[in-house]
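Asks: Sharing work_25.csv here; it has CSV, C-alpha atoms and all ligand atoms.
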```
chain,number,residue,atom,x,y,z
A,1,GLN,CA,65.3,-26.6,68.1
A,2,GLN,CA,66.6,-28.6,71.0
A,3,ARG,CA,68.3,-32.0,71.0
A,4,VAL,CA,66.3,-34.5,73.0
A,5,LEU,CA,67.4,-37.9,74.3
A,6,SER,CA,65.6,-40.3,76.5
A,7,GLY,CA,65.0,-44.0,76.8
A,8,ILE,CA,63.2,-46.8,78.7
A,9,GLN,CA,64.8,-50.0,79.9
A,10,SER,CA,63.7,-53.3,78.3
A,11,SER,CA,63.5,-54.9,81.8
A,12,GLY,CA,59.8,-55.9,81.6
A,13,LYS,CA,56.5,-55.0,80.1
A,14,LEU,CA,56.0,-51.2,79.9
A,15,THR,CA,53.5,-49.9,82.4
A,16,ILE,CA,51.1,-47.1,82.2
A,17,GLY,CA,53.5,-45.2,84.5
A,18,ASN,CA,56.3,-45.4,81.8
A,19,TYR,CA,53.7,-44.1,79.3
A,20,ILE,CA,52.4,-41.2,81.4
A,21,GLY,CA,55.8,-40.2,82.9
A,22,ALA,CA,58.0,-40.6,79.8
A,23,MET,CA,56.6,-41.9,76.5
A,24,LYS,CA,53.8,-39.5,76.2
A,25,ASN,CA,56.3,-36.7,76.3
A,26,PHE,CA,58.5,-38.3,73.8
A,27,VAL,CA,55.6,-38.2,71.4
A,28,ALA,CA,54.8,-34.6,72.2
A,29,LEU,CA,58.4,-33.4,71.7
A,30,GLN,CA,59.2,-35.3,68.4
A,31,HIS,CA,57.8,-32.7,65.9
A,32,GLU,CA,59.4,-29.7,67.5
A,33,HIS,CA,62.9,-31.1,68.3
A,34,ASP,CA,65.7,-33.2,67.1
A,35,CYS,CA,64.8,-36.4,69.0
A,36,TYR,CA,66.7,-39.7,69.8
A,37,PHE,CA,64.8,-42.3,71.8
A,38,MET,CA,66.5,-45.5,72.8
A,39,ILE,CA,65.5,-48.8,74.2
A,40,ALA,CA,68.0,-49.2,77.1
A,41,ASP,CA,68.9,-52.9,77.0
A,42,LEU,CA,72.4,-52.3,78.5
A,43,HIS,CA,70.6,-50.9,81.5
A,44,ALA,CA,68.1,-53.8,81.6
A,45,VAL,CA,70.9,-56.3,82.3
A,46,THR,CA,71.9,-54.5,85.5
A,47,VAL,CA,69.5,-57.0,87.0
A,48,PRO,CA,69.6,-60.6,85.7
A,49,GLN,CA,67.5,-61.1,82.5
A,50,GLU,CA,66.7,-64.4,80.8
A,51,PRO,CA,68.1,-64.2,77.2
A,52,ALA,CA,64.9,-65.0,75.3
A,53,ALA,CA,62.9,-62.7,77.5
A,54,LEU,CA,65.4,-59.9,77.0
A,55,ARG,CA,65.2,-60.2,73.2
A,56,GLU,CA,61.4,-60.3,73.3
A,57,GLN,CA,61.1,-57.3,75.7
A,58,THR,CA,63.6,-55.2,73.7
A,59,GLU,CA,61.6,-55.7,70.5
A,60,SER,CA,58.4,-55.2,72.3
A,61,VAL,CA,59.5,-51.8,73.8
A,62,ALA,CA,60.6,-50.7,70.3
A,63,ALA,CA,57.3,-51.6,68.8
A,64,LEU,CA,55.5,-49.9,71.7
A,65,TYR,CA,57.3,-46.7,70.9
A,66,VAL,CA,55.9,-46.7,67.4
A,67,ALA,CA,52.5,-47.9,68.6
A,68,ALA,CA,52.4,-45.0,71.1
A,69,GLY,CA,52.9,-42.5,68.3
A,70,LEU,CA,56.6,-42.1,67.8
A,71,ASP,CA,57.2,-41.5,64.1
A,72,PRO,CA,60.5,-43.0,62.9
A,73,ALA,CA,60.7,-40.4,60.2
A,74,GLU,CA,60.9,-37.8,62.9
A,75,ALA,CA,62.7,-39.4,65.8
A,76,ALA,CA,65.6,-41.8,65.7
A,77,ILE,CA,64.4,-45.0,67.5
A,78,PHE,CA,67.3,-47.3,68.4
A,79,ILE,CA,68.6,-50.0,70.7
A,80,GLN,CA,71.3,-48.9,73.1
A,81,SER,CA,73.5,-51.9,72.5
A,82,HIS,CA,73.4,-51.3,68.7
A,83,VAL,CA,75.5,-48.2,69.3
A,84,PRO,CA,78.7,-49.3,71.0
A,85,ALA,CA,79.7,-45.8,71.9
A,86,HIS,CA,77.3,-46.0,74.9
A,87,ALA,CA,79.2,-48.7,76.6
A,88,GLU,CA,82.5,-47.1,75.8
A,89,LEU,CA,81.7,-43.6,77.1
A,90,GLY,CA,79.9,-45.3,80.0
A,91,TRP,CA,83.2,-46.7,81.0
A,92,LEU,CA,85.1,-43.4,80.6
A,93,LEU,CA,82.5,-41.7,82.8
A,94,THR,CA,82.6,-44.5,85.4
A,95,THR,CA,86.2,-43.7,85.9
A,96,MET,CA,85.2,-40.1,86.7
A,97,SER,CA,82.4,-41.0,89.1
A,98,TYR,CA,82.9,-41.1,92.9
A,99,MET,CA,81.7,-44.0,95.0
A,100,GLY,CA,80.1,-41.6,97.4
A,101,GLU,CA,77.9,-39.9,94.9
A,102,LEU,CA,76.9,-43.3,93.4
A,103,GLU,CA,76.1,-44.6,96.9
A,104,ARG,CA,73.7,-41.7,97.4
A,105,MET,CA,71.4,-42.7,94.4
A,106,THR,CA,68.0,-43.7,95.8
A,107,GLN,CA,67.3,-46.1,92.8
A,108,TYR,CA,70.5,-48.0,93.8
A,109,LYS,CA,69.5,-48.1,97.4
A,110,ASP,CA,65.9,-49.3,96.5
A,111,LYS,CA,67.0,-51.9,94.1
A,112,SER,CA,69.8,-53.3,96.3
A,113,GLU,CA,67.9,-53.2,99.5
A,114,GLY,CA,67.7,-56.6,101.2
A,115,LYS,CA,69.6,-58.4,98.4
A,116,GLU,CA,72.5,-60.6,99.3
A,117,ALA,CA,74.4,-60.2,96.0
A,118,VAL,CA,74.1,-56.8,94.3
A,119,GLY,CA,75.6,-56.5,90.8
A,120,ALA,CA,78.2,-53.8,90.2
A,121,GLY,CA,76.3,-52.8,87.1
A,122,LEU,CA,73.4,-51.6,89.3
A,123,PHE,CA,75.9,-49.4,91.1
A,124,VAL,CA,77.5,-47.8,88.1
A,125,TYR,CA,74.3,-47.5,86.2
A,126,PRO,CA,74.2,-43.6,86.5
A,127,ALA,CA,77.5,-43.3,84.7
A,128,LEU,CA,76.1,-45.2,81.7
A,129,MET,CA,73.0,-43.1,81.8
A,130,ALA,CA,75.2,-40.0,81.7
A,131,ALA,CA,76.9,-41.4,78.7
A,132,ASP,CA,73.6,-42.0,76.9
A,133,ILE,CA,72.6,-38.4,77.3
A,134,LEU,CA,76.0,-36.7,76.8
A,135,LEU,CA,76.8,-38.6,73.6
A,136,TYR,CA,74.0,-36.7,71.8
A,137,ASN,CA,74.7,-33.3,73.3
A,138,ALA,CA,71.1,-33.5,74.4
A,139,THR,CA,69.8,-30.3,76.0
A,140,LEU,CA,66.4,-31.7,77.0
A,141,VAL,CA,65.8,-35.1,78.7
A,142,PRO,CA,62.1,-36.1,79.2
A,143,VAL,CA,61.9,-38.4,82.3
A,144,GLY,CA,59.7,-39.2,85.2
A,145,ASP,CA,60.4,-37.9,88.6
A,146,ASP,CA,62.4,-41.0,89.7
A,147,GLN,CA,65.1,-40.2,87.2
A,148,LYS,CA,65.7,-36.6,88.5
A,149,GLN,CA,68.6,-37.6,90.7
A,150,HIS,CA,70.4,-39.5,87.9
A,151,LEU,CA,70.0,-36.5,85.7
A,152,GLU,CA,71.6,-34.2,88.4
A,153,LEU,CA,74.5,-36.6,88.4
A,154,THR,CA,74.8,-36.4,84.6
A,155,ARG,CA,75.0,-32.7,84.9
A,156,ASP,CA,77.7,-33.0,87.5
A,157,LEU,CA,79.7,-35.4,85.4
A,158,ALA,CA,79.4,-33.2,82.3
A,159,GLY,CA,80.6,-30.2,84.3
A,160,ARG,CA,83.5,-32.2,85.9
A,161,PHE,CA,84.6,-33.5,82.5
A,162,ASN,CA,84.4,-30.0,80.9
A,163,TYR,CA,86.4,-28.5,83.8
A,164,ARG,CA,89.1,-31.2,83.7
A,165,TYR,CA,89.5,-31.7,79.9
A,166,GLY,CA,88.0,-28.6,78.3
A,167,ASP,CA,84.5,-27.9,76.9
A,168,THR,CA,83.3,-31.2,75.5
A,169,PHE,CA,79.8,-31.9,76.6
A,170,VAL,CA,76.5,-30.0,76.7
A,171,VAL,CA,75.0,-29.8,80.2
A,172,PRO,CA,71.4,-31.2,79.8
A,173,GLU,CA,68.2,-30.0,81.5
A,174,PRO,CA,65.5,-32.4,82.8
A,175,PHE,CA,62.0,-32.2,81.4
A,176,ILE,CA,59.6,-33.6,84.0
A,177,PRO,CA,55.8,-33.6,83.4
A,178,LYS,CA,53.8,-31.4,85.9
A,179,GLN,CA,51.2,-34.1,86.4
A,180,GLY,CA,51.8,-37.9,86.2
A,181,ALA,CA,55.6,-37.7,86.8
A,182,ARG,CA,55.2,-40.5,89.4
A,183,ILE,CA,52.4,-43.0,88.9
A,184,MET,CA,52.2,-45.2,92.0
A,185,SER,CA,51.7,-48.9,92.5
A,186,LEU,CA,48.0,-50.0,92.5
A,187,GLU,CA,48.8,-52.0,95.6
A,188,ASP,CA,50.7,-49.4,97.6
A,189,GLY,CA,50.2,-45.7,97.1
A,190,THR,CA,53.6,-44.9,98.6
A,191,LYS,CA,55.6,-47.0,96.0
A,192,LYS,CA,56.3,-46.2,92.4
A,193,MET,CA,54.5,-48.3,89.8
A,194,SER,CA,57.3,-50.4,88.3
A,195,LYS,CA,57.5,-52.8,85.4
A,196,SER,CA,59.9,-55.1,87.2
A,197,SER,CA,57.6,-55.6,90.2
A,198,PRO,CA,57.1,-59.3,90.9
A,199,SER,CA,53.4,-58.5,91.6
A,200,ALA,CA,51.4,-58.1,88.3
A,201,GLY,CA,48.5,-56.6,90.3
A,202,SER,CA,50.7,-53.6,91.1
A,203,TYR,CA,50.9,-52.2,87.6
A,204,ILE,CA,48.9,-51.9,84.4
A,205,SER,CA,50.9,-53.1,81.5
A,206,LEU,CA,50.3,-51.2,78.2
A,207,LEU,CA,49.6,-54.6,76.7
A,208,ASP,CA,47.2,-55.9,79.4
A,209,ASN,CA,43.9,-57.1,77.9
A,210,PRO,CA,40.7,-55.3,78.9
A,211,ASP,CA,39.6,-58.0,81.4
A,212,ASP,CA,42.9,-57.9,83.3
A,213,ILE,CA,42.8,-54.1,83.4
A,214,ARG,CA,39.2,-54.2,84.8
A,215,LYS,CA,40.3,-56.8,87.4
A,216,LYS,CA,43.4,-54.9,88.5
A,217,ILE,CA,41.6,-51.6,88.9
A,218,ALA,CA,38.7,-53.3,90.8
A,219,ARG,CA,41.3,-54.8,93.2
A,220,ALA,CA,43.4,-51.6,93.4
A,221,LYS,CA,43.9,-50.5,97.0
A,222,THR,CA,41.9,-47.6,98.3
A,223,ASP,CA,41.4,-46.3,101.8
A,224,MET,CA,38.6,-46.6,104.4
A,225,GLY,CA,36.8,-43.5,103.1
A,226,ARG,CA,34.5,-43.3,100.1
A,227,GLU,CA,34.9,-39.7,98.7
A,228,VAL,CA,36.7,-39.3,95.4
A,229,VAL,CA,39.0,-36.5,96.6
A,230,TYR,CA,42.5,-35.6,95.5
A,231,ASP,CA,44.6,-35.6,98.6
A,232,VAL,CA,48.0,-37.1,98.1
A,233,GLN,CA,49.0,-37.0,101.8
A,234,ASN,CA,45.9,-38.7,103.2
A,235,LYS,CA,44.5,-40.6,100.2
A,236,PRO,CA,47.6,-41.5,98.1
A,237,GLU,CA,45.9,-44.5,96.3
A,238,VAL,CA,42.7,-42.7,95.3
A,239,SER,CA,44.8,-39.6,94.3
A,240,ASN,CA,46.9,-41.9,92.1
A,241,LEU,CA,43.9,-43.4,90.4
A,242,MET,CA,42.5,-39.9,89.8
A,243,THR,CA,45.9,-38.9,88.2
A,244,ILE,CA,45.6,-41.9,85.9
A,245,TYR,CA,42.0,-41.0,85.0
A,246,GLY,CA,43.1,-37.4,84.2
A,247,GLN,CA,46.0,-38.5,82.1
A,248,CYS,CA,43.9,-40.9,80.0
A,249,THR,CA,41.2,-38.3,79.4
A,250,GLY,CA,43.0,-35.0,79.3
A,251,LYS,CA,41.2,-33.8,82.4
A,252,THR,CA,42.7,-32.1,85.4
A,253,VAL,CA,42.4,-33.9,88.8
A,254,GLU,CA,40.1,-31.0,89.8
A,255,GLN,CA,37.8,-31.8,87.0
A,256,VAL,CA,37.9,-35.5,87.8
A,257,GLN,CA,37.1,-34.7,91.5
A,258,ALA,CA,34.2,-32.5,90.4
A,259,ALA,CA,32.8,-35.2,88.1
A,260,TYR,CA,32.7,-37.8,90.9
A,261,ASP,CA,31.4,-35.5,93.7
A,262,GLY,CA,29.1,-37.5,95.9
A,263,GLN,CA,29.8,-40.8,94.1
A,264,GLY,CA,31.7,-43.6,95.8
A,265,TYR,CA,34.9,-45.5,94.9
A,266,GLY,CA,32.9,-48.3,93.1
A,267,ALA,CA,31.4,-46.0,90.4
A,268,PHE,CA,34.7,-44.2,90.0
A,269,LYS,CA,36.8,-47.4,89.6
A,270,LYS,CA,34.3,-48.8,87.1
A,271,ASP,CA,34.6,-45.7,84.9
A,272,LEU,CA,38.4,-45.6,85.3
A,273,ALA,CA,38.7,-49.1,84.0
A,274,GLU,CA,36.8,-48.2,80.9
A,275,VAL,CA,38.8,-45.0,80.5
A,276,VAL,CA,42.1,-46.9,80.6
A,277,VAL,CA,40.9,-49.7,78.3
A,278,ALA,CA,39.8,-47.1,75.8
A,279,ALA,CA,43.1,-45.2,76.0
A,280,LEU,CA,45.2,-48.3,75.5
A,281,GLU,CA,43.0,-49.9,72.8
A,282,PRO,CA,44.4,-47.9,69.8
A,283,MET,CA,48.0,-48.4,71.0
A,284,GLN,CA,47.4,-52.1,71.3
A,285,ARG,CA,45.9,-52.4,67.8
A,286,LYS,CA,48.9,-50.5,66.3
A,287,TYR,CA,51.3,-52.6,68.3
A,288,ALA,CA,49.9,-55.8,66.8
A,289,ASP,CA,50.3,-54.3,63.3
A,290,VAL,CA,53.8,-53.2,63.9
A,291,ARG,CA,54.8,-56.6,65.3
A,292,SER,CA,53.2,-58.6,62.6
A,293,SER,CA,54.6,-56.4,59.7
A,294,GLY,CA,58.2,-56.9,60.8
A,295,GLU,CA,58.9,-53.2,60.0
A,296,ILE,CA,60.5,-52.6,63.4
A,297,HIS,CA,63.8,-54.2,62.2
A,298,ARG,CA,64.1,-51.6,59.4
A,299,ILE,CA,63.2,-48.8,61.8
A,300,LEU,CA,65.9,-50.0,64.3
A,301,ARG,CA,68.6,-50.3,61.7
A,302,ASP,CA,67.9,-46.8,60.5
A,303,GLY,CA,67.7,-45.5,64.0
A,304,ALA,CA,71.1,-47.1,65.0
A,305,GLU,CA,72.7,-45.6,61.9
A,306,ARG,CA,71.4,-42.1,62.7
A,307,ALA,CA,72.2,-42.3,66.4
A,308,GLY,CA,75.6,-43.9,65.8
A,309,ALA,CA,76.7,-41.1,63.5
A,310,VAL,CA,76.2,-38.5,66.3
A,311,ALA,CA,77.4,-40.7,69.1
A,312,GLU,CA,80.7,-41.7,67.4
A,313,GLN,CA,81.6,-38.0,66.9
A,314,THR,CA,81.1,-37.1,70.5
A,315,LEU,CA,82.9,-40.2,71.7
A,316,ALA,CA,85.9,-39.4,69.5
A,317,LYS,CA,86.0,-35.8,70.9
A,318,ALA,CA,85.8,-37.1,74.5
A,319,LYS,CA,88.6,-39.6,73.9
A,320,GLU,CA,90.8,-37.1,72.3
A,321,ALA,CA,90.2,-34.6,75.2
A,322,MET,CA,91.1,-37.3,77.7
A,323,GLY,CA,94.4,-38.1,76.0
A,324,PHE,CA,93.7,-41.5,74.3
A,325,LEU,CA,96.1,-42.1,71.4
A,326,PRO,CA,94.2,-42.1,68.1
A,327,ILE,CA,94.8,-44.5,65.2
A,328,VAL,CA,96.7,-42.6,62.6
A,401,LIG,N1,55.7,-45.0,87.9
A,401,LIG,C1,56.2,-44.1,87.1
A,401,LIG,N2,55.5,-42.9,86.9
A,401,LIG,C2,56.0,-42.0,86.0
A,401,LIG,N3,57.1,-42.3,85.3
A,401,LIG,C3,57.7,-43.4,85.4
A,401,LIG,N4,58.8,-43.9,84.8
A,401,LIG,C4,59.1,-45.2,85.3
A,401,LIG,N5,58.1,-45.5,86.2
A,401,LIG,C5,57.3,-44.4,86.3
A,401,LIG,C6,59.6,-43.3,83.8
A,401,LIG,O1,59.7,-44.1,82.7
A,401,LIG,C7,61.0,-44.0,82.1
A,401,LIG,C8,61.7,-45.3,81.9
A,401,LIG,O2,62.1,-45.8,83.1
A,401,LIG,P1,63.2,-46.9,83.0
A,401,LIG,O3,62.7,-48.1,82.3
A,401,LIG,O4,64.5,-46.4,82.6
A,401,LIG,O5,63.4,-47.3,84.5
A,401,LIG,P2,62.7,-47.0,85.8
A,401,LIG,O6,62.6,-45.5,86.0
A,401,LIG,O7,63.4,-47.7,86.9
A,401,LIG,O8,61.2,-47.6,85.5
A,401,LIG,P3,60.5,-48.9,86.0
A,401,LIG,O9,59.3,-49.1,85.2
A,401,LIG,O10,60.4,-48.9,87.5
A,401,LIG,O11,61.5,-50.0,85.5
A,401,LIG,P4,62.3,-51.1,86.4
A,401,LIG,O12,61.2,-51.8,87.2
A,401,LIG,O13,63.0,-51.9,85.4
A,401,LIG,O14,63.2,-50.3,87.3
A,401,LIG,C9,61.8,-43.0,83.0
A,401,LIG,O15,61.7,-41.7,82.4
A,401,LIG,C10,61.0,-43.0,84.2
A,401,LIG,O16,61.2,-41.8,85.0
```
Go through the file and emit its structure as structure tokens.
Replies:
Amino acid sequence: QQRVLSGIQSSGKLTIGNYIGAMKNFVALQHEHDCYFMIADLHAVTVPQEPAALREQTESVAALYVAAGLDPAEAAIFIQSHVPAHAELGWLLTTMSYMGELERMTQYKDKSEGKEAVGAGLFVYPALMAADILLYNATLVPVGDDQKQHLELTRDLAGRFNYRYGDTFVVPEPFIPKQGARIMSLEDGTKKMSKSSPSAGSYISLLDNPDDIRKKIARAKTDMGREVVYDVQNKPEVSNLMTIYGQCTGKTVEQVQAAYDGQGYGAFKKDLAEVVVAALEPMQRKYADVRSSGEIHRILRDGAERAGAVAEQTLAKAKEAMGFLPIV
């Protein structure tokens, strides 16, 4: 049995990209492994968040975990800020990170591009992410493709710490889905679909109502052609829509292509909208139940207790190895 840790930032409404690239794998792994899934609110504040919105988004992401099929009896579901060890080990690992390696992170480059004032939190984000993972001695980290570089840095930091202070952390492996690891924006097939995008037409939120989903897909960018063909180089937008179709139906992109042979984009998009609506409908129903029952608070209390017990132990070990004077 492997130890699994992953999370999603509560920086907006979760998109179908977050689901396909990450959450779907959380659900698939929970029965086989010892799983910890967090809602990364400390990461969310690396860009400014309005307090009431942050509170709502954090609870919403937690409820979506459950609605998507995570079973709190199997996996620990918790809020990052409920386990203070994250912030503490995050600091310790920040002191072990080099400016040069942090500057190379493409997420930092993307998110700081063109901004006049860039928060330092955005820069040191990967050290906190390393702490998230290393606290649990996770061997497996299910993430989308965009997080691969951060995971490499986590491996480097774990190795650096172990070399300097003796064996303390387990070096984790990424677990990236073969298909759907990078769902692209509906408005630009070269950009990742992102929950914090200012343009709501660029993403499908897991909580979008059916009419909005239909409208967004109808307006989604395509190319000048009309053939439903999977060709990421030349037809990035259509290929992305085919990936979403495949992920919602369990079909391969080859099967999707065969099914729409000789039909134009119009027919394909119409069906895609219904496929997405149908895939999200049970999740949305369950989400409404979870929110109205109030059960999420008990789930999160229990999750924080389970996660905290593991995290505290690792943190104590790391602090001892680094030479911090303990309370005796
Ligand atoms: N478009 C995507 N396709 C596949 N996987 C994706 N993930 C995110 N976007 C896609 C995966 O979802 C998990 C959670 O991501 P995160 O919230 O930690 O931050 P992110 O990767 O920066 O995702 P967003 O949606 O773009 O958030 P914002 O806009 O706040 O930065 C990760 O496993 C990620 O790979």
Asks: Specify the axis-aligned box that encloses all atoms of ligand LIG 401 (chain A) listed in the file after padding of 6 Å on each side, stating its centre and edge lengths in Å to one decimal as JSON.
Replies:
```
{"center_x": 60.0, "center_y": -46.8, "center_z": 84.9, "size_x": 21.0, "size_y": 22.2, "size_z": 18.0}
```
Asks: What does the list of residues within 6 Å of ligand LIG 401 (chain A) look like if you count all atoms listed in the file, written as a list of chain:residue names?
Replies: A:Ile8, A:Gln9, A:Ser11, A:Gly17, A:Asn18, A:Ile20, A:Gly21, A:Ala22, A:Val143, A:Gly144, A:Asp145, A:Asp146, A:Gln147, A:Gly180, A:Ala181, A:Arg182, A:Ile183, A:Met184, A:Lys192, A:Met193, A:Ser194, A:Lys195, A:Ser196
Asks: Taking 4 positions as the minimum chain separation for residues in the same chain, which residues sit within 10 Å of Pro84 of chain A when counting only C-alpha atoms? Answer as a ChimeraX atom specification.
Replies: /A:80,88-90,304,308,311-312
Asks: Excluding Arg155 of chain A and any residue of its chain fewer than 3 positions from it, enumerate the residues within 9 Å of it, using only C-alpha atoms, and give them as a list in words.
Replies: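 After dropping sequence-adjacent residues, the list is Ala130, His150, Leu151, Glu152, Ala158, Gly159, Arg160, Val170, Val171, Pro172 and Glu173 of chain A.
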Asks: To one decimal place, how far is atom CA of Ser199 of chain A from atom CA of Thr222 of chain A in Å?
Replies: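 Those two atoms sit 17.2 Å apart.
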Asks: Using Å and a single decimal, report how far atom CA of Asn234 of chain A sits from atom CA of Arg219 of chain A.
Replies: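 Distance reported for this atom pair: 19.5 Å.
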Asks: Taking 3 positions as the minimum chain separation for residues in the same chain, which residues sit within 8 Å of segment 111-119 of chain A when counting only C-alpha atoms? Answer as a PDB file with C-alpha atoms, keeping the file's coordinate frame.
Replies:
```
ATOM      1  CA  THR A  46      71.900 -54.500  85.500  1.00  0.00           C
ATOM      2  CA  VAL A  47      69.500 -57.000  87.000  1.00  0.00           C
ATOM      3  CA  GLN A 107      67.300 -46.100  92.800  1.00  0.00           C
ATOM      4  CA  TYR A 108      70.500 -48.000  93.800  1.00  0.00           C
ATOM      5  CA  LEU A 122      73.400 -51.600  89.300  1.00  0.00           C
ATOM      6  CA  PHE A 123      75.900 -49.400  91.100  1.00  0.00           C
TER       7      PHE A 123
END
```
Asks: Determine, counting only C-alpha atoms, which protein, DNA and RNA residues have an atom within 9 Å of an atom of Thr243 of chain A; residues of the same chain fewer than 2 positions away are not included. Present the result as a tab-separated table (two decimals) with C-alpha atoms, in the coordinates of the input.
Replies:
```tsv
chain	number	residue	atom	x	y	z
A	179	GLN	CA	51.20	-34.10	86.40
A	180	GLY	CA	51.80	-37.90	86.20
A	183	ILE	CA	52.40	-43.00	88.90
A	230	TYR	CA	42.50	-35.60	95.50
A	238	VAL	CA	42.70	-42.70	95.30
A	239	SER	CA	44.80	-39.60	94.30
A	240	ASN	CA	46.90	-41.90	92.10
A	241	LEU	CA	43.90	-43.40	90.40
A	245	TYR	CA	42.00	-41.00	85.00
A	246	GLY	CA	43.10	-37.40	84.20
A	247	GLN	CA	46.00	-38.50	82.10
A	248	CYS	CA	43.90	-40.90	80.00
A	252	THR	CA	42.70	-32.10	85.40
A	253	VAL	CA	42.40	-33.90	88.80
A	256	VAL	CA	37.90	-35.50	87.80
```
Asks: Rebuild segment 254-275 of chain A to N, CA and C atoms - output it as a compact mmCIF listing (two decimals), in the coordinates of the input, please.
Replies:
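The file below, part.txt, is the result:
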```txt
# COMPACT_ATOMS: atom_id res chain seq x y z
N GLU A 254 41.25 -31.82 89.31
CA GLU A 254 40.10 -31.00 89.80
C GLU A 254 38.85 -31.37 89.08
N GLN A 255 38.97 -31.49 87.78
CA GLN A 255 37.80 -31.80 87.00
C GLN A 255 37.32 -33.27 87.29
N VAL A 256 38.27 -34.16 87.51
CA VAL A 256 37.90 -35.50 87.80
C VAL A 256 37.16 -35.54 89.20
N GLN A 257 37.70 -34.78 90.13
CA GLN A 257 37.10 -34.70 91.50
C GLN A 257 35.65 -34.15 91.36
N ALA A 258 35.49 -33.10 90.58
CA ALA A 258 34.20 -32.50 90.40
C ALA A 258 33.19 -33.49 89.78
N ALA A 259 33.68 -34.25 88.82
CA ALA A 259 32.80 -35.20 88.10
C ALA A 259 32.31 -36.32 89.01
N TYR A 260 33.10 -36.66 90.04
CA TYR A 260 32.70 -37.80 90.90
C TYR A 260 32.26 -37.32 92.30
N ASP A 261 31.94 -36.05 92.39
CA ASP A 261 31.40 -35.50 93.70
C ASP A 261 30.21 -36.28 94.11
N GLY A 262 30.25 -36.79 95.33
CA GLY A 262 29.10 -37.50 95.90
C GLY A 262 28.96 -38.95 95.42
N GLN A 263 29.87 -39.40 94.56
CA GLN A 263 29.80 -40.80 94.10
C GLN A 263 30.94 -41.58 94.87
N GLY A 264 30.74 -42.84 95.07
CA GLY A 264 31.70 -43.60 95.80
C GLY A 264 32.85 -44.16 94.95
N TYR A 265 33.74 -44.92 95.56
CA TYR A 265 34.90 -45.50 94.90
C TYR A 265 34.45 -46.49 93.78
N GLY A 266 33.37 -47.23 94.06
CA GLY A 266 32.90 -48.30 93.10
C GLY A 266 32.63 -47.68 91.75
N ALA A 267 31.81 -46.64 91.71
CA ALA A 267 31.40 -46.00 90.40
C ALA A 267 32.67 -45.44 89.74
N PHE A 268 33.51 -44.80 90.53
CA PHE A 268 34.70 -44.20 90.00
C PHE A 268 35.65 -45.24 89.34
N LYS A 269 35.87 -46.32 90.07
CA LYS A 269 36.80 -47.40 89.60
C LYS A 269 36.24 -48.02 88.31
N LYS A 270 34.92 -48.19 88.28
CA LYS A 270 34.30 -48.80 87.10
C LYS A 270 34.57 -47.95 85.86
N ASP A 271 34.35 -46.65 86.01
CA ASP A 271 34.60 -45.70 84.90
C ASP A 271 36.09 -45.67 84.55
N LEU A 272 36.91 -45.66 85.59
CA LEU A 272 38.40 -45.60 85.30
C LEU A 272 38.83 -46.75 84.48
N ALA A 273 38.33 -47.94 84.80
CA ALA A 273 38.70 -49.10 84.00
C ALA A 273 38.39 -48.91 82.55
N GLU A 274 37.21 -48.39 82.27
CA GLU A 274 36.80 -48.20 80.90
C GLU A 274 37.65 -47.11 80.20
N VAL A 275 37.99 -46.09 80.97
CA VAL A 275 38.80 -45.00 80.50
C VAL A 275 40.20 -45.53 80.07
```
